[in-house]
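Engineer: Have a look at this one.
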Amino acid sequence: MKIEVLREFLCLSEELNFSATARRFHINQSVLSRHIMDLEAELGCELFLRNKRAVRLTRAGKVLADNAPALIALHDDIAFKVGSTAKGKTREVTVGYLQGAASTLLASGKTLFRRDHPEIRMNVKSMQPFEIEEGIRKDSIDVGITILPKGGISPVFDYSVLFEDEFMVMVDKRSALASRDEIAPESLNAPIHVSKNFPHESQLATLLRERLKQAGIAFVLVDGIDDVESMPMAFEGKDWVFMSCGHLERMFGDGFRFVRLKGVDLKFDVGITWKKSRCNAALQDLVECLGYGYEITTKP
């Protein structure tokens, strides 16, 4: 069994949705289907029962789903130990972080970690959420600071929540809407603009769009907005209501106001995530230092 296919199987066993799982691994749905069929051929049994309306595990699929996490963890642990031995005595950890949500806490967290672990070099990389998840899966980074669906449970990743955030509408401070603390959906006289790439996390992107639809809020997907810096430029010459993350208000506070959508639950978490199989005492210390770094930077 290929370990990456086993990871895909495990994710599919939780999602029970081929398209959602394919998005998580940044592959086509047809590629995922072929991988699962190859795995079924290798094991000589069906793992999923599929029809146009639903996907569910077979009894054999449930057995594999129960045992796959241990096999994946063993593989990752061996790969980590072999890789560490090959690198010799030089030890380092790499943190991937979401710029708007985490950049302020890194300096304090890094200082605290260096004090306790002077023998370990800490590297940091600004990344998008999907890059952080992929980096942790492929062991190119050890820890990620990113946006997370609330209550996320995974057989592969652990999480430590730093703070609760929510999707909010971003309006020009000159707009009449900027004087409000909340906007009732029925008071919107134009659709909300949402970047096609927002928020670079497939589960949260799906949740956001589903919640807007459930609330009867019209929205338009916009091209050409790929990062935090390009978001304010989308407003030039336009009277738009734009969807953003609450934590970005401190970056755009001079020209924009962030307002809640009344009666619409758009909350998510910002936190630290890492692979369970890579966890050790130093990594746990790193997670604690990053958490302390957040507390230090947010104290009044």
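FYI, nothing fancy with the structure tokens labels: chains A, B, ... in order, residues from 1 per chain, ligands from 1 as they appear.
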I need the strand (DSSP E or B) residues of stretch 3-247 of chain A per DSSP on the backbone, written as a JSON list (two decimals) with C-alpha atoms, in the first residue's frame.

Structural biologist:
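Output saved as states-v8.json:
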[["chain", "number", "residue", "atom", "x", "y", "z"],
["A", 48, "PHE", "CA", -16.65, 1.87, -0.13],
["A", 49, "LEU", "CA", -20.21, 1.47, -1.36],
["A", 50, "ARG", "CA", -20.99, 4.26, -3.82],
["A", 55, "VAL", "CA", -20.71, 7.10, -0.09],
["A", 56, "ARG", "CA", -20.27, 4.76, 2.87],
["A", 57, "LEU", "CA", -17.68, 2.36, 4.20],
["A", 91, "ARG", "CA", 18.59, 20.15, 14.56],
["A", 92, "GLU", "CA", 16.00, 22.57, 13.28],
["A", 93, "VAL", "CA", 12.26, 23.09, 13.24],
["A", 94, "THR", "CA", 10.28, 24.94, 10.61],
["A", 95, "VAL", "CA", 7.06, 26.85, 11.30],
["A", 96, "GLY", "CA", 4.68, 27.73, 8.47],
["A", 97, "TYR", "CA", 2.46, 30.65, 9.38],
["A", 120, "ILE", "CA", 17.58, 23.91, 17.80],
["A", 121, "ARG", "CA", 17.33, 26.43, 14.97],
["A", 122, "MET", "CA", 13.80, 27.72, 14.30],
["A", 123, "ASN", "CA", 12.91, 28.66, 10.71],
["A", 124, "VAL", "CA", 9.69, 30.43, 9.69],
["A", 125, "LYS", "CA", 7.84, 30.59, 6.36],
["A", 126, "SER", "CA", 4.85, 32.71, 5.36],
["A", 143, "VAL", "CA", 4.26, 23.17, 12.77],
["A", 144, "GLY", "CA", 1.68, 25.42, 11.16],
["A", 145, "ILE", "CA", -0.15, 28.47, 12.50],
["A", 146, "THR", "CA", -3.29, 28.75, 10.42],
["A", 147, "ILE", "CA", -7.08, 28.99, 10.23],
["A", 148, "LEU", "CA", -8.96, 25.86, 11.29],
["A", 157, "PHE", "CA", -3.08, 16.16, 12.90],
["A", 158, "ASP", "CA", -3.22, 17.63, 16.39],
["A", 159, "TYR", "CA", -4.43, 21.18, 17.09],
["A", 160, "SER", "CA", -4.02, 23.85, 19.72],
["A", 161, "VAL", "CA", -6.45, 26.78, 19.40],
["A", 162, "LEU", "CA", -5.02, 30.28, 19.88],
["A", 163, "PHE", "CA", -8.17, 32.35, 19.41],
["A", 164, "GLU", "CA", -11.64, 32.30, 17.86],
["A", 165, "ASP", "CA", -12.16, 34.35, 14.72],
["A", 166, "GLU", "CA", -14.96, 34.81, 12.22],
["A", 167, "PHE", "CA", -15.61, 35.82, 8.63],
["A", 168, "MET", "CA", -16.75, 39.44, 8.44],
["A", 169, "VAL", "CA", -17.67, 41.91, 5.73],
["A", 170, "MET", "CA", -15.01, 44.47, 4.89],
["A", 171, "VAL", "CA", -16.32, 47.88, 3.83],
["A", 172, "ASP", "CA", -14.73, 51.21, 2.98],
["A", 182, "GLU", "CA", -23.64, 44.40, 12.58],
["A", 183, "ILE", "CA", -25.29, 44.18, 9.19],
["A", 192, "ILE", "CA", -20.98, 40.31, -1.15],
["A", 193, "HIS", "CA", -17.77, 39.89, -3.13],
["A", 194, "VAL", "CA", -15.72, 36.80, -2.24],
["A", 195, "SER", "CA", -12.33, 35.95, -3.70],
["A", 219, "PHE", "CA", -22.36, 36.66, -3.27],
["A", 220, "VAL", "CA", -20.09, 36.98, -6.28],
["A", 221, "LEU", "CA", -16.78, 35.16, -6.73],
["A", 222, "VAL", "CA", -13.93, 37.44, -7.77],
["A", 241, "VAL", "CA", -18.86, 44.78, 0.39],
["A", 242, "PHE", "CA", -16.06, 42.24, 0.61],
["A", 243, "MET", "CA", -15.71, 39.06, 2.67],
["A", 244, "SER", "CA", -12.62, 38.83, 4.86],
["A", 245, "CYS", "CA", -11.29, 37.39, 8.13]]

Engineer: Residues at most 10 Å from A:Leu212, counting only C-alpha atoms, excluding those fewer than 3 positions away in the same chain, as JSON, numbers by chain?

Structural biologist: {"A": [185, 192, 207, 208, 209, 215, 216, 217, 218, 219, 261, 264, 265, 266]}

Engineer: Please provide as a ChimeraX atom specification all residues within 12 Å of A:Lys138, with the sequence filter that same-chain residues fewer than 2 positions apart are discarded (counting only C-alpha atoms).

Structural biologist: /A:3-4,7,25,76,79-80,131-136,140-143,156,274-275,278

Engineer: I need the residue nearest A:Arg59 from this list: A:Lys150, A:Ser13, A:Arg23, A:Arg180. Use only C-alpha atoms for the distance.

Structural biologist: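 Among the listed residues, A:Ser13 lies closest to A:Arg59.
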
Engineer: Which residue, A:Ala205, A:Leu32, A:Ile225, A:Cys279, has the smallest gap to A:Phe130 when you use only C-alpha atoms?

Structural biologist: A:Ala205

Engineer: Among stretch 59-262 of chain A, which residues does DSSP mark as helix (DSSP H, G or I) when it is run on the backbone? Keep the chain and numbering as in the structure and answer as a compact mmCIF listing (two decimals) with N, CA and C atoms, in the first residue's frame.

Structural biologist:
# COMPACT_ATOMS: atom_id res chain seq x y z
N ARG A 59 -17.74 -3.12 5.52
CA ARG A 59 -17.18 -3.67 6.75
C ARG A 59 -15.66 -3.75 6.65
N ALA A 60 -15.16 -4.15 5.47
CA ALA A 60 -13.71 -4.19 5.27
C ALA A 60 -13.11 -2.79 5.34
N GLY A 61 -13.84 -1.80 4.79
CA GLY A 61 -13.38 -0.42 4.84
C GLY A 61 -13.26 0.09 6.26
N LYS A 62 -14.22 -0.31 7.12
CA LYS A 62 -14.17 0.12 8.52
C LYS A 62 -12.97 -0.49 9.23
N VAL A 63 -12.64 -1.74 8.90
CA VAL A 63 -11.46 -2.37 9.52
C VAL A 63 -10.20 -1.60 9.13
N LEU A 64 -10.09 -1.25 7.85
CA LEU A 64 -8.91 -0.51 7.40
C LEU A 64 -8.88 0.88 8.02
N ALA A 65 -10.03 1.54 8.11
CA ALA A 65 -10.09 2.87 8.70
C ALA A 65 -9.68 2.85 10.17
N ASP A 66 -10.02 1.78 10.88
CA ASP A 66 -9.64 1.66 12.30
C ASP A 66 -8.14 1.45 12.48
N ASN A 67 -7.51 0.79 11.52
CA ASN A 67 -6.10 0.43 11.66
C ASN A 67 -5.13 1.32 10.89
N ALA A 68 -5.64 2.08 9.93
CA ALA A 68 -4.77 2.91 9.11
C ALA A 68 -4.02 3.98 9.90
N PRO A 69 -4.65 4.66 10.89
CA PRO A 69 -3.89 5.69 11.62
C PRO A 69 -2.61 5.17 12.26
N ALA A 70 -2.66 3.97 12.82
CA ALA A 70 -1.46 3.41 13.45
C ALA A 70 -0.38 3.14 12.41
N LEU A 71 -0.79 2.66 11.23
CA LEU A 71 0.17 2.37 10.17
C LEU A 71 0.80 3.66 9.64
N ILE A 72 -0.01 4.69 9.45
CA ILE A 72 0.51 5.98 8.99
C ILE A 72 1.45 6.58 10.03
N ALA A 73 1.06 6.52 11.29
CA ALA A 73 1.90 7.06 12.36
C ALA A 73 3.24 6.34 12.43
N LEU A 74 3.23 5.00 12.28
CA LEU A 74 4.48 4.23 12.30
C LEU A 74 5.37 4.64 11.13
N HIS A 75 4.79 4.76 9.95
CA HIS A 75 5.56 5.19 8.77
C HIS A 75 6.20 6.56 9.00
N ASP A 76 5.39 7.52 9.50
CA ASP A 76 5.90 8.88 9.67
C ASP A 76 6.97 8.93 10.74
N ASP A 77 6.80 8.14 11.80
CA ASP A 77 7.78 8.12 12.88
C ASP A 77 9.12 7.58 12.38
N ILE A 78 9.07 6.49 11.60
CA ILE A 78 10.30 5.92 11.05
C ILE A 78 10.96 6.91 10.09
N ALA A 79 10.16 7.54 9.23
CA ALA A 79 10.71 8.49 8.28
C ALA A 79 11.37 9.66 8.99
N PHE A 80 10.75 10.12 10.09
CA PHE A 80 11.33 11.23 10.85
C PHE A 80 12.65 10.83 11.50
N LYS A 81 12.68 9.65 12.10
CA LYS A 81 13.91 9.21 12.78
C LYS A 81 15.04 9.00 11.78
N VAL A 82 14.73 8.40 10.63
CA VAL A 82 15.75 8.19 9.60
C VAL A 82 16.25 9.53 9.07
N GLY A 83 15.31 10.45 8.81
CA GLY A 83 15.70 11.76 8.32
C GLY A 83 16.56 12.53 9.30
N SER A 84 16.20 12.44 10.60
CA SER A 84 16.98 13.13 11.62
C SER A 84 18.39 12.56 11.71
N THR A 85 18.52 11.24 11.60
CA THR A 85 19.84 10.61 11.65
C THR A 85 20.68 11.03 10.45
N ALA A 86 20.06 11.08 9.29
CA ALA A 86 20.79 11.45 8.07
C ALA A 86 21.29 12.89 8.13
N GLN A 99 0.19 34.83 7.45
CA GLN A 99 0.74 36.14 7.76
C GLN A 99 -0.18 37.00 8.63
N GLY A 100 -1.40 37.21 8.20
CA GLY A 100 -2.28 38.10 8.94
C GLY A 100 -2.63 37.60 10.32
N ALA A 101 -2.75 36.28 10.46
CA ALA A 101 -3.21 35.70 11.72
C ALA A 101 -2.09 35.50 12.73
N ALA A 102 -0.84 35.33 12.27
CA ALA A 102 0.19 34.82 13.17
C ALA A 102 1.49 35.61 13.20
N SER A 103 1.70 36.54 12.30
CA SER A 103 3.01 37.17 12.21
C SER A 103 3.43 37.90 13.49
N THR A 104 2.45 38.47 14.23
CA THR A 104 2.80 39.25 15.42
C THR A 104 3.30 38.39 16.57
N LEU A 105 2.90 37.12 16.63
CA LEU A 105 3.29 36.29 17.77
C LEU A 105 4.62 35.58 17.57
N LEU A 106 5.13 35.56 16.34
CA LEU A 106 6.30 34.75 16.04
C LEU A 106 7.56 35.22 16.75
N ALA A 107 7.77 36.54 16.82
CA ALA A 107 9.00 37.04 17.44
C ALA A 107 9.09 36.63 18.90
N SER A 108 7.98 36.80 19.64
CA SER A 108 7.98 36.42 21.06
C SER A 108 8.11 34.91 21.22
N GLY A 109 7.37 34.15 20.40
CA GLY A 109 7.46 32.69 20.48
C GLY A 109 8.84 32.18 20.15
N LYS A 110 9.46 32.77 19.16
CA LYS A 110 10.82 32.35 18.77
C LYS A 110 11.82 32.64 19.87
N THR A 111 11.70 33.81 20.51
CA THR A 111 12.60 34.17 21.61
C THR A 111 12.47 33.19 22.77
N LEU A 112 11.24 32.85 23.13
CA LEU A 112 11.01 31.91 24.23
C LEU A 112 11.57 30.53 23.90
N PHE A 113 11.37 30.07 22.67
CA PHE A 113 11.84 28.74 22.28
C PHE A 113 13.37 28.71 22.24
N ARG A 114 14.00 29.76 21.73
CA ARG A 114 15.46 29.80 21.67
C ARG A 114 16.07 29.77 23.07
N ARG A 115 15.39 30.40 24.03
CA ARG A 115 15.89 30.40 25.41
C ARG A 115 15.93 28.99 25.99
N ASP A 116 14.89 28.19 25.71
CA ASP A 116 14.81 26.84 26.25
C ASP A 116 15.54 25.82 25.40
N PRO A 129 -3.00 28.65 3.90
CA PRO A 129 -3.49 27.49 4.66
C PRO A 129 -3.30 26.16 3.95
N PHE A 130 -3.62 26.07 2.64
CA PHE A 130 -3.48 24.79 1.96
C PHE A 130 -2.01 24.39 1.85
N GLU A 131 -1.10 25.38 1.76
CA GLU A 131 0.33 25.07 1.72
C GLU A 131 0.82 24.56 3.07
N ILE A 132 0.25 25.11 4.15
CA ILE A 132 0.63 24.66 5.50
C ILE A 132 0.21 23.21 5.71
N GLU A 133 -1.03 22.88 5.34
CA GLU A 133 -1.50 21.50 5.50
C GLU A 133 -0.65 20.54 4.68
N GLU A 134 -0.37 20.90 3.44
CA GLU A 134 0.44 20.04 2.58
C GLU A 134 1.87 19.93 3.11
N GLY A 135 2.41 21.04 3.63
CA GLY A 135 3.77 21.02 4.17
C GLY A 135 3.90 20.11 5.37
N ILE A 136 2.89 20.10 6.24
CA ILE A 136 2.91 19.20 7.40
C ILE A 136 2.78 17.76 6.95
N ARG A 137 1.90 17.50 5.99
CA ARG A 137 1.74 16.13 5.49
C ARG A 137 3.04 15.60 4.91
N ALA A 176 -21.77 53.95 4.16
CA ALA A 176 -22.79 54.08 5.21
C ALA A 176 -22.81 52.86 6.11
N LEU A 177 -22.42 51.71 5.58
CA LEU A 177 -22.41 50.48 6.38
C LEU A 177 -21.33 50.49 7.45
N ALA A 178 -20.31 51.34 7.27
CA ALA A 178 -19.18 51.35 8.19
C ALA A 178 -19.56 51.86 9.58
N SER A 179 -20.69 52.50 9.73
CA SER A 179 -21.12 53.03 11.03
C SER A 179 -21.80 51.98 11.89
N PRO A 185 -28.61 40.63 7.04
CA PRO A 185 -28.55 40.20 5.64
C PRO A 185 -29.56 40.90 4.75
N GLU A 186 -30.75 41.15 5.28
CA GLU A 186 -31.80 41.77 4.45
C GLU A 186 -31.49 43.24 4.13
N SER A 187 -30.54 43.84 4.86
CA SER A 187 -30.22 45.25 4.60
C SER A 187 -29.17 45.41 3.51
N SER A 202 -10.00 24.62 2.11
CA SER A 202 -11.17 24.10 1.40
C SER A 202 -12.38 23.89 2.29
N GLN A 203 -12.18 23.36 3.50
CA GLN A 203 -13.33 23.13 4.38
C GLN A 203 -14.00 24.44 4.78
N LEU A 204 -13.18 25.44 5.11
CA LEU A 204 -13.74 26.73 5.51
C LEU A 204 -14.36 27.46 4.33
N ALA A 205 -13.78 27.31 3.14
CA ALA A 205 -14.38 27.93 1.96
C ALA A 205 -15.77 27.35 1.71
N THR A 206 -15.89 26.03 1.84
CA THR A 206 -17.19 25.38 1.67
C THR A 206 -18.17 25.85 2.74
N LEU A 207 -17.71 25.88 3.99
CA LEU A 207 -18.58 26.32 5.10
C LEU A 207 -19.06 27.74 4.86
N LEU A 208 -18.15 28.65 4.49
CA LEU A 208 -18.52 30.05 4.27
C LEU A 208 -19.61 30.16 3.21
N ARG A 209 -19.40 29.53 2.08
CA ARG A 209 -20.35 29.68 0.98
C ARG A 209 -21.69 29.02 1.29
N GLU A 210 -21.66 27.88 2.01
CA GLU A 210 -22.91 27.22 2.40
C GLU A 210 -23.70 28.08 3.38
N ARG A 211 -22.99 28.69 4.36
CA ARG A 211 -23.68 29.53 5.35
C ARG A 211 -24.29 30.77 4.70
N LEU A 212 -23.58 31.35 3.73
CA LEU A 212 -24.13 32.51 3.02
C LEU A 212 -25.39 32.11 2.25
N LYS A 213 -25.35 30.95 1.59
CA LYS A 213 -26.52 30.47 0.83
C LYS A 213 -27.69 30.20 1.77
N GLN A 214 -27.41 29.56 2.91
CA GLN A 214 -28.47 29.25 3.86
C GLN A 214 -29.14 30.51 4.39
N PRO A 232 -6.99 44.94 -0.40
CA PRO A 232 -7.46 46.34 -0.44
C PRO A 232 -7.51 46.91 -1.84
N MET A 233 -6.64 46.44 -2.73
CA MET A 233 -6.62 46.97 -4.09
C MET A 233 -7.90 46.63 -4.86
N ALA A 234 -8.60 45.58 -4.41
CA ALA A 234 -9.85 45.21 -5.07
C ALA A 234 -10.92 46.29 -4.91
N PHE A 235 -10.75 47.17 -3.91
CA PHE A 235 -11.75 48.20 -3.62
C PHE A 235 -11.58 49.46 -4.46
N GLY A 246 -11.76 38.35 10.31
CA GLY A 246 -11.72 39.38 11.33
C GLY A 246 -10.32 39.79 11.74
N HIS A 247 -9.38 38.80 11.77
CA HIS A 247 -8.04 39.13 12.25
C HIS A 247 -7.28 40.07 11.32
N LEU A 248 -7.79 40.28 10.10
CA LEU A 248 -7.10 41.16 9.16
C LEU A 248 -7.44 42.65 9.39
N GLU A 249 -8.38 42.92 10.28
CA GLU A 249 -8.78 44.32 10.46
C GLU A 249 -7.61 45.18 10.92
N ARG A 250 -6.72 44.62 11.75
CA ARG A 250 -5.60 45.42 12.23
C ARG A 250 -4.63 45.77 11.09
N MET A 251 -4.68 45.02 9.99
CA MET A 251 -3.80 45.31 8.85
C MET A 251 -4.39 46.38 7.94
N PHE A 252 -5.75 46.48 7.90
CA PHE A 252 -6.41 47.40 6.98
C PHE A 252 -7.25 48.42 7.72
